[in-house]
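*Asks:* First the structure, then my questions, so here it is.
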Amino acid sequence: RRCGVIDRDGADGERHALGTIDSAMRAGKRRPRWPDLDADEAPPSSRPQPTAPPMLAPSEASAAISAALRSPAAFVVARTTPGAGKSAEARAAVRDHVLAGGRAAFIVPTHDLAEQTTAMLALLDVAASAPKGVARVHLKILDGTEMPACLHAEAAELLARCGARARQDLCSGCSAREQHPRTGGPCPAYAAGTTRSDVVVLQQAVLASFLAEQTAKLAANKSSPRETEATTLVVIDENVPPTTTTALAGARLAFQETRKKLRSGVLENIEDVMLAILAQAERGTDGATLRQLIAAAGGTTGYVEVILGEARSLDGATLWPVGLHTNLARSVTGDGPHADAIDRLALVARVTALCEAIVDAAHDPDQPLLRVDEAGGKHLVTRARWTRRVLPYIDAGGRVRILDATASEVAMRALWGERFDFHKLDVAYSPLAVLRYREWQRGARGRHVTDGSPDADRLRGPLREIAITASERGAQRVGVITDKPTAEALRAWLEAPDDPDEMIPNELAALVAAGVTLQVGHYGAQRGLDTWAGCDLLVTLGDPWPNLGAARAEAAALGIDPATWAREQAEAELVQAWGRARAVHRKDPVLVMHFGARVLRPRPEVAPQWAS
């Protein structure tokens, strides 16, 4: 059972592998045959050991990142080791851009990172704000509670998904704007979201519309962008998904309820293709293209081309009549029950997403579009709209910098070809950081989680080894990043550690009882966070493979190999998780451990710090 072949072939492979080993032993052979293994799956002792690609010293990293960000190229992608200081260098580059008379935008993935970025820019004497869309609605109340400052946060997020602006459409009619009931003064979400500053800090949800808006401003007066208050530098910090998935469940009802609210020109151009998709998706097969779905509805070749052109003509168009968003917002902020208004907003947001997915698909009508998931659910998977907005913005005179510790060059080349400079800057870890890989053939989530619940028998061993390692090193803070079901089970146990739990070994229970802090996180919710920066031991438990059906559909939309895309996503999540130890500039010892199957063992070409 220690042989890696078991994980490769499942139950049948397990019986075959054990049978081969048993027969070999009975025949008197000293070493069993390894069945059906390619070179990459050979025993570790027989594999050639990779050499580490060159890495920058931490002292060199800042200068290299700074040079990449200040490159004369209009479009730059910088892939750097997590914790190497790319965000700090990006803020410095933005400061210099503002001092030279330019305007800039900082695009971040989360509310917390938006607040952190705004505060850090203030330390550089750069006035920054986050006024658009969902960027302010979750600003925390001043007394430190976790409730959002915006009393209508759900409506604000729905408005952003409808293409509206929360500040203009929602805040203008909200009584809490001047007299907030929980603070006694002005609404902190509104007060912090001034619309005029040299730097705006926005969330990824509004990136596509922001790029389109700035492209129009630059085109209006390309010789003097400052006069049009155009943003001439966009910094995208951390990964923005290159694809968009739109569920079709409930889509027909949502369209029927809102079709009369669409602008007349929009309805005329979108209705035929919308109805064709909704009709054919019910019996469409996985991987069907937009052209195939329309043709299956009975359209001739000429008809298909006509309605594809009509859909493309709506790119960037206003879907809803002037005043609709404001009226819905006021029905939310006014007196009386708001549930009906929220429901109407949700329908408008739903149809907005559908229309945008169809318009985006119409630009690549021969790319696989329809995804049918394991439960039979239907989805439209398209290239994300922001990816089509980048090159027009650059051609109008803007500059773009994408900073991502795990940027996929394969996906980006599929999107933009040779239009960008790619800088891969690998930085050596501090000598105080030690890395250790432990092979665990049950590492894939499906092999230690059953029906959404962790398998105690398969997790107890790795948890015991974590506890023993922590005890041997005298660790006082232990971080564990794992899949969500296992993380939730560990958190539940930590809330009541005296209650018996068969998943928890005695060694781990004793460690926590002795006062050692166990900080648990899960894959998909750890990027950019400093929660584990002070841990003495950081463990990634299990392999974070994405949903393979979803990964296959995303790869098809991008036009790349699905196996490559799935592996890149899994490895990216691991690299990001290891980065939570902040090992580049580490001042005190840390051990970073990974428990996972051999197929996803740390590769030097992805994380060269693991080469030794």
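Lettering and numbering for the structure tokens are positional, with chains as A, B, ... in the shown order, residues counted from 1 in each chain, and ligands counted from 1 in the shown order.
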In stretch 142-275 of chain A, what's helix (DSSP H, G or I) per DSSP? Answer as a ChimeraX atom specification?
*Replies:* /A:153-161,166-173,175-177,188-191,204-220,225-228,251-261,264-275
*Asks:* For A:Thr486, work out the shell of residues within 10 Å, counting only C-alpha atoms and skipping chain neighbours fewer than 5 positions away, then give it as a list in words.
*Replies:*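 With the cut-off at 10 Å, the set is Arg445, His448, Val449, Gly452, Ser453, Pro454, Asp455, Ala456, Leu459, Ile481, Arg491, Ala492, Met503, Val520, Gly521, His522, Leu541 and Gly542 of chain A.
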*Asks:* Give me the residues near A:Ala288 as a list in words, where near means some atom within 8 Å (using only C-alpha atoms) and where sequence neighbours in that chain fewer than 5 positions away do not count.
*Replies:*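 Using only C-alpha atoms, the neighbours found are Leu293, Pro368, Leu369, Leu370 and Arg371 of chain A.
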*Asks:* Using only C-alpha atoms for the distances, tell me which of A:Tyr190, A:Trp493, A:Tyr393, A:Phe422 is nearest to A:Leu69.
*Replies:*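 Smallest distance to A:Leu69 is found for A:Phe422.
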*Asks:* Tell me which of A:Val381, A:Gly298, A:Glu154, A:Leu435 sits closest to A:Ala339, counting only C-alpha atoms.
*Replies:*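 That would be A:Glu154, the residue with the smallest distance to A:Ala339.
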*Asks:* As an exercise, work out the distance from atom CA of A:Thr482 to atom CA of A:Val539 in Å and give it to one decimal place.
*Replies:*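 One can read the atom CA of A:Thr482 to atom CA of A:Val539 distance as 8.3 Å.
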*Asks:* Among the residues of stretch 381-576 of chain A, find those DSSP assigns to strand (DSSP E) from the backbone and print them as an MDAnalysis selection string.
*Replies:* chainID A and resid 381:383 399:403 421:425 433:439 449:450 453:454 477:482 517:522 537:541
*Asks:* Closest to A:Val512 among A:Pro497, A:Gly101, A:Pro109, A:Gly524, using only C-alpha atoms?
*Replies:* A:Pro497
*Asks:* Have a look at A:Leu211, A:Ala279, A:Leu548, A:Ala63 and name the one nearest to A:Ala104; count only C-alpha atoms.
*Replies:*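 So, comparing all the options, the nearest one is A:Leu211.
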*Asks:* Just checking: using only C-alpha atoms, which residue out of A:Pro58, A:Pro365, A:Pro148, A:Pro242 ends up closest to A:Trp416?
*Replies:*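 Distance minimum relative to A:Trp416 lands on A:Pro242.
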